[in-house]
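S.K.: So I've got this file, structure.cif, and it contains mmCIF, C-alpha atoms:
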```cif
data_start
loop_
_atom_site.label_atom_id
_atom_site.label_comp_id
_atom_site.auth_asym_id
_atom_site.auth_seq_id
_atom_site.Cartn_x
_atom_site.Cartn_y
_atom_site.Cartn_z
CA ARG T 1 111.34 129.84 -1.82
CA GLN T 2 111.24 132.90 -4.09
CA GLU T 3 110.44 135.06 -1.05
CA ASP T 4 113.75 134.04 0.55
CA LEU T 5 115.67 135.01 -2.57
CA ALA T 6 113.85 138.34 -2.72
CA HIS T 7 114.78 138.98 0.93
CA GLN T 8 118.49 138.37 0.22
CA ILE T 9 118.46 140.68 -2.81
CA LYS T 10 116.61 143.34 -0.81
CA SER T 11 119.31 143.15 1.88
CA SER T 12 122.07 143.67 -0.70
CA LEU T 13 120.26 146.61 -2.30
CA SER T 14 119.62 148.17 1.12
CA ALA T 15 123.36 147.93 1.89
CA ALA T 16 124.17 149.54 -1.47
CA MET T 17 121.70 152.36 -0.83
CA LEU T 18 123.21 152.98 2.61
CA SER T 19 126.67 153.29 1.05
CA ALA T 20 125.27 155.72 -1.53
CA ASP T 21 123.80 157.87 1.28
CA MET T 22 127.16 157.88 3.06
CA ILE T 23 128.88 159.14 -0.10
CA ASP T 24 126.22 161.84 -0.43
CA ASN T 25 126.91 162.98 3.14
CA ASP T 26 130.69 162.66 3.04
CA ILE T 27 132.44 162.60 -0.34
CA SER T 28 135.76 161.65 1.30
CA CYS T 29 134.53 158.10 1.80
CA ALA T 30 133.49 157.71 -1.85
CA LYS T 31 136.25 155.28 -2.83
CA ILE T 32 135.54 152.77 -0.06
CA GLN T 33 131.76 153.05 -0.24
CA SER T 34 131.64 152.83 -4.05
CA GLN T 35 133.54 149.55 -3.84
CA LEU T 36 130.99 148.27 -1.31
CA ILE T 37 128.18 149.29 -3.68
CA ILE T 38 129.82 147.35 -6.53
CA GLU T 39 130.23 144.28 -4.32
CA GLN T 40 126.58 144.34 -3.26
CA LEU T 41 125.35 144.77 -6.84
CA GLU T 42 127.60 141.92 -8.01
CA ARG T 43 126.23 139.79 -5.17
CA SER T 44 122.63 140.47 -6.27
CA ASN T 45 123.50 139.81 -9.90
CA HIS T 46 125.21 136.51 -9.04
CA MET T 47 122.25 135.47 -6.92
CA LEU T 48 119.79 136.13 -9.75
CA ASN T 49 122.01 134.34 -12.27
CA MET T 50 122.15 131.25 -10.06
CA PHE T 51 118.38 131.33 -9.62
CA LEU T 52 117.75 131.61 -13.37
CA LEU T 53 120.34 128.95 -14.18
CA GLU T 54 118.80 126.49 -11.74
CA ASN T 55 115.30 127.06 -13.12
CA LYS T 56 116.58 126.53 -16.65
CA VAL T 57 117.76 123.03 -15.67
CA PHE T 58 114.27 121.69 -15.19
CA SER T 59 112.06 124.22 -17.00
CA ASN T 60 111.78 121.88 -20.00
CA ASP T 61 113.66 118.92 -21.45
CA LYS T 62 114.81 120.90 -24.49
CA ASN T 63 117.44 122.49 -22.25
CA ILE T 64 119.20 119.12 -21.93
CA ASN T 65 121.32 118.11 -24.95
CA PHE T 66 122.69 114.58 -24.61
CA MET T 67 125.79 113.32 -26.38
CA ASN T 68 128.56 110.79 -25.76
CA ALA T 69 131.48 112.49 -24.05
CA SER T 70 134.42 111.92 -21.72
CA ILE T 71 133.73 112.59 -18.04
CA GLN T 72 137.47 113.17 -17.58
CA ASN T 73 137.31 116.13 -19.98
CA CYS T 74 134.24 117.53 -18.22
CA ILE T 75 135.95 117.42 -14.84
CA LYS T 76 139.15 118.97 -16.22
CA ASN T 77 137.13 121.88 -17.63
CA SER T 78 135.42 122.35 -14.27
CA ILE T 79 138.76 122.32 -12.44
CA GLN T 80 140.11 124.96 -14.80
CA ASN T 81 137.11 127.19 -14.08
CA VAL T 82 137.71 127.10 -10.30
CA LYS T 83 141.51 127.19 -10.41
CA LYS T 84 141.82 130.81 -9.27
CA TYR T 85 139.58 130.18 -6.23
CA ALA T 86 141.69 127.18 -5.24
CA GLU T 87 144.93 129.15 -5.64
CA GLU T 88 143.66 131.84 -3.26
CA LYS T 89 143.55 129.22 -0.47
CA ASP T 90 146.59 127.26 -1.72
CA ILE T 91 144.39 124.22 -2.38
CA ASP T 92 145.49 121.47 -4.76
CA ILE T 93 142.89 119.62 -6.83
CA ILE T 94 144.00 116.11 -7.79
CA LEU T 95 142.05 114.14 -10.42
CA GLY T 96 142.58 110.43 -10.93
CA ASP T 97 143.33 108.98 -14.37
CA SER T 98 140.19 106.86 -14.82
CA ASP T 99 137.72 107.90 -17.49
CA CYS T 100 134.24 106.97 -18.65
CA ILE T 101 132.30 107.81 -21.80
CA LEU T 102 128.83 108.88 -20.74
CA PHE T 103 125.71 109.87 -22.67
CA MET T 104 125.26 113.26 -21.04
CA ASP T 105 124.87 116.99 -21.41
CA MET T 106 128.47 118.22 -21.05
CA PHE T 107 127.46 121.80 -20.24
CA TRP T 108 125.26 120.86 -17.29
CA ILE T 109 127.56 118.17 -15.92
CA GLU T 110 130.42 120.68 -15.97
CA GLU T 111 128.19 123.24 -14.23
CA GLY T 112 127.31 120.68 -11.56
CA ILE T 113 130.88 119.59 -10.87
CA GLU T 114 132.10 123.19 -10.88
CA THR T 115 129.47 124.10 -8.28
CA ILE T 116 130.52 121.20 -6.05
CA LEU T 117 134.18 122.19 -6.39
CA LYS T 118 133.44 125.81 -5.46
CA ASN T 119 131.58 124.57 -2.40
CA ALA T 120 134.47 122.24 -1.55
CA ILE T 121 137.01 125.06 -1.90
CA THR T 122 134.93 127.37 0.30
CA TYR T 123 134.74 124.89 3.16
CA SER T 124 138.18 123.31 2.72
CA ASP T 125 141.04 123.99 5.08
CA VAL T 126 143.78 126.29 3.77
CA HIS T 127 146.75 124.46 2.19
CA SER T 128 144.68 121.27 1.81
CA THR T 129 143.89 118.97 -1.12
CA ILE T 130 140.68 118.12 -2.95
CA HIS T 131 140.69 114.61 -4.42
CA ILE T 132 138.45 113.59 -7.34
CA LYS T 133 138.06 109.92 -8.19
CA VAL T 134 136.15 108.37 -11.08
CA TYR T 135 135.27 104.74 -11.70
CA CYS T 136 132.78 103.09 -13.98
CA ASP T 137 130.68 99.88 -14.09
CA ASP T 138 126.94 99.93 -14.72
CA TYR T 139 127.17 103.37 -13.13
CA LEU T 140 129.51 106.30 -13.38
CA HIS T 141 130.81 107.05 -9.90
CA ILE T 142 132.39 110.42 -9.08
CA LEU T 143 133.80 111.06 -5.60
CA ILE T 144 134.89 114.57 -4.64
CA GLN T 145 136.62 114.71 -1.26
CA ASN T 146 137.81 117.80 0.60
CA GLN T 147 139.36 118.30 4.01
CA GLY T 148 137.04 120.33 6.21
CA LYS T 149 133.50 120.10 7.50
CA LEU T 150 129.98 121.19 6.65
CA ASP T 151 127.91 123.41 8.91
CA LEU T 152 124.68 121.95 7.49
CA ASN T 153 123.70 118.32 7.93
CA THR T 154 123.74 116.02 4.93
CA GLU T 155 119.94 116.02 4.67
CA GLU T 156 119.70 119.82 4.39
CA ILE T 157 122.57 120.51 2.03
CA PHE T 158 120.62 119.92 -1.21
CA THR T 159 117.51 121.75 0.01
CA ARG T 160 116.76 124.89 -1.94
CA TYR T 161 117.89 128.08 -0.15
CA ALA T 162 119.47 126.10 2.70
CA SER T 163 122.83 127.68 3.51
CA SER T 164 124.97 128.20 6.58
CA ASP T 165 126.42 131.43 5.17
CA LEU T 166 123.94 133.60 3.28
CA SER T 167 126.15 136.67 3.73
CA ASN T 168 129.01 135.54 1.47
CA GLU T 169 127.43 134.53 -1.84
CA HIS T 170 126.14 131.21 -0.51
CA TYR T 171 122.44 131.33 -1.21
CA GLY T 172 121.51 127.66 -1.00
CA ILE T 173 120.74 127.55 -4.74
CA GLY T 174 123.84 125.94 -6.26
CA LEU T 175 123.75 122.49 -4.66
CA ASN T 176 120.01 122.21 -5.21
CA MET T 177 120.73 122.94 -8.88
CA VAL T 178 123.38 120.20 -8.89
CA LYS T 179 120.83 117.72 -7.52
CA ASN T 180 118.43 118.63 -10.33
CA ILE T 181 121.18 118.21 -12.95
CA ILE T 182 122.13 114.75 -11.67
CA GLU T 183 118.49 113.68 -11.49
CA LYS T 184 118.03 114.82 -15.11
CA HIS T 185 120.69 112.20 -15.88
CA PHE T 186 118.74 109.60 -13.85
CA GLY T 187 121.42 109.72 -11.17
CA LYS T 188 121.74 110.39 -7.46
CA ILE T 189 123.98 112.56 -5.33
CA TYR T 190 124.65 112.38 -1.62
CA VAL T 191 127.22 113.55 0.93
CA GLU T 192 129.29 111.91 3.63
CA ASN T 193 130.54 114.19 6.39
CA ASP T 194 132.70 113.51 9.43
CA GLN T 195 134.95 115.71 11.54
CA GLU T 196 137.77 115.68 8.99
CA TYR T 197 136.45 115.08 5.45
CA VAL T 198 133.46 115.86 3.25
CA ILE T 199 132.82 113.51 0.32
CA PHE T 200 130.31 114.19 -2.45
CA HIS T 201 129.15 111.02 -4.21
CA ILE T 202 127.65 111.20 -7.70
CA LYS T 203 126.16 108.06 -9.22
CA ILE T 204 124.81 108.10 -12.79
CA PRO T 205 123.67 105.00 -14.72
CA THR T 206 125.67 104.23 -17.87
CA THR T 207 123.10 101.78 -19.29
CA LYS T 208 119.73 103.45 -18.74
CA LEU T 209 120.06 106.90 -20.26
CA GLU T 210 118.50 105.67 -23.51
CA ARG T 211 115.20 106.07 -21.68
CA PHE T 212 115.54 109.81 -22.23
CA LYS T 213 113.46 110.80 -25.25
CA LEU T 214 115.16 113.46 -27.34
#
```
Go through the file and emit its structure as structure tokens.
M.R.:
Amino acid sequence: RQEDLAHQIKSSLSAAMLSADMIDNDISCAKIQSQLIIEQLERSNHMLNMFLLENKVFSNDKNINFMNASIQNCIKNSIQNVKKYAEEKDIDIILGDSDCILFMDMFWIEEGIETILKNAITYSDVHSTIHIKVYCDDYLHILIQNQGKLDLNTEEIFTRYASSDLSNEHYGIGLNMVKNIIEKHFGKIYVENDQEYVIFHIKIPTTKLERFKL
């Protein structure tokens, strides 16, 4: 809910104000506390950006621009955008060779896959591998598998503002946004989770998207 988001932003701003008071009382701690202020402001800014981005997905259909495009290219772009995060944990991302031409909005599909990859990197074991597989029939199937485990159950994970770690830029907005993006493409997304692996499954029809009225 919007109240939950407001609470998280208020917490960040309160932390920033506390750091500012500490600088006012003791200038010697200015360098450390100013960095904490920047981090809290960036956290609030990121949280608001995610909230606005998610609402833009389903605010009106004009925000969805369909075209025929390669899913392989979309995924490669998403991988490139998360490369630095993966390198920090020494995580390899391996993408299979299969491709599919889909009538889709490239921007939003890339946003969705990038969000899943960031989530996968966050909860992956260090020095592990994320595997991405694509295959196509009447549906486009995308499987994103990482080694690790989720702290939320598979029913909660796509619920808005559900997160196991609200303190580290995980606000429970991103995966709910992904669900909305996939549903805008008449698809479904779900998660398998055991003690060793987490697998995100995306399933989008390749023959029914003509129902979308541009």
S.K.: Using only C-alpha atoms, find the one residue out of T:Lys31, T:Glu39, T:Thr206, T:Ser128 that sits nearest to Asn68 of chain T.
M.R.: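 Closest candidate: T:Thr206.
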S.K.: Grab the atom CA of Asp125 of chain T to atom CA of Ala86 of chain T distance for me, in Å with one decimal place.
M.R.: 10.8 Å
S.K.: By how many Å are atom CA of His201 of chain T and atom CA of Lys188 of chain T apart?
M.R.: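 Distance reported for this atom pair: 8.1 Å.
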S.K.: Name every residue that the PyMOL selection byres ((chain T and resi 106) around 8) selects in this structure, writing the answer as JSON, numbers by chain with chains first and numbers rising.
M.R.: {"T": [66, 67, 69, 74, 104, 105, 107, 108, 109, 110]}
S.K.: Can you translate the PyMOL selection byres ((chain T and resi 91-100) around 6) into the concrete residues it hits in this file, as a PDB file with C-alpha atoms, in the coordinates of the input?
M.R.:
```
ATOM      1  CA  SER T  70     134.420 111.920 -21.720  1.00  0.00           C
ATOM      2  CA  ILE T  71     133.730 112.590 -18.040  1.00  0.00           C
ATOM      3  CA  GLN T  72     137.470 113.170 -17.580  1.00  0.00           C
ATOM      4  CA  ALA T  86     141.690 127.180  -5.240  1.00  0.00           C
ATOM      5  CA  GLU T  87     144.930 129.150  -5.640  1.00  0.00           C
ATOM      6  CA  LYS T  89     143.550 129.220  -0.470  1.00  0.00           C
ATOM      7  CA  ASP T  90     146.590 127.260  -1.720  1.00  0.00           C
ATOM      8  CA  ILE T 101     132.300 107.810 -21.800  1.00  0.00           C
ATOM      9  CA  HIS T 127     146.750 124.460   2.190  1.00  0.00           C
ATOM     10  CA  SER T 128     144.680 121.270   1.810  1.00  0.00           C
ATOM     11  CA  THR T 129     143.890 118.970  -1.120  1.00  0.00           C
ATOM     12  CA  ILE T 130     140.680 118.120  -2.950  1.00  0.00           C
ATOM     13  CA  HIS T 131     140.690 114.610  -4.420  1.00  0.00           C
ATOM     14  CA  ILE T 132     138.450 113.590  -7.340  1.00  0.00           C
ATOM     15  CA  LYS T 133     138.060 109.920  -8.190  1.00  0.00           C
ATOM     16  CA  VAL T 134     136.150 108.370 -11.080  1.00  0.00           C
TER      17      VAL T 134
END
```
S.K.: Please measure the separation of atom CA of Lys203 of chain T and atom CA of Phe186 of chain T, giving the value in Å to one decimal.
M.R.: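 Distance reported for this atom pair: 8.9 Å.
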S.K.: Determine, counting only C-alpha atoms, which protein, DNA and RNA residues have an atom within 7 Å of an atom of segment 197-199 of chain T; residues of the same chain fewer than 6 positions away are not included. Present the result as a PDB file with C-alpha atoms, keeping the file's coordinate frame.
M.R.:
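The result, written out as selection-v8.pdb:
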```pdb
ATOM      1  CA  LEU T 143     133.800 111.060  -5.600  1.00  0.00           C
ATOM      2  CA  ILE T 144     134.890 114.570  -4.640  1.00  0.00           C
ATOM      3  CA  GLN T 145     136.620 114.710  -1.260  1.00  0.00           C
ATOM      4  CA  ASN T 146     137.810 117.800   0.600  1.00  0.00           C
ATOM      5  CA  GLN T 147     139.360 118.300   4.010  1.00  0.00           C
ATOM      6  CA  GLY T 148     137.040 120.330   6.210  1.00  0.00           C
ATOM      7  CA  LYS T 149     133.500 120.100   7.500  1.00  0.00           C
ATOM      8  CA  VAL T 191     127.220 113.550   0.930  1.00  0.00           C
TER       9      VAL T 191
END
```
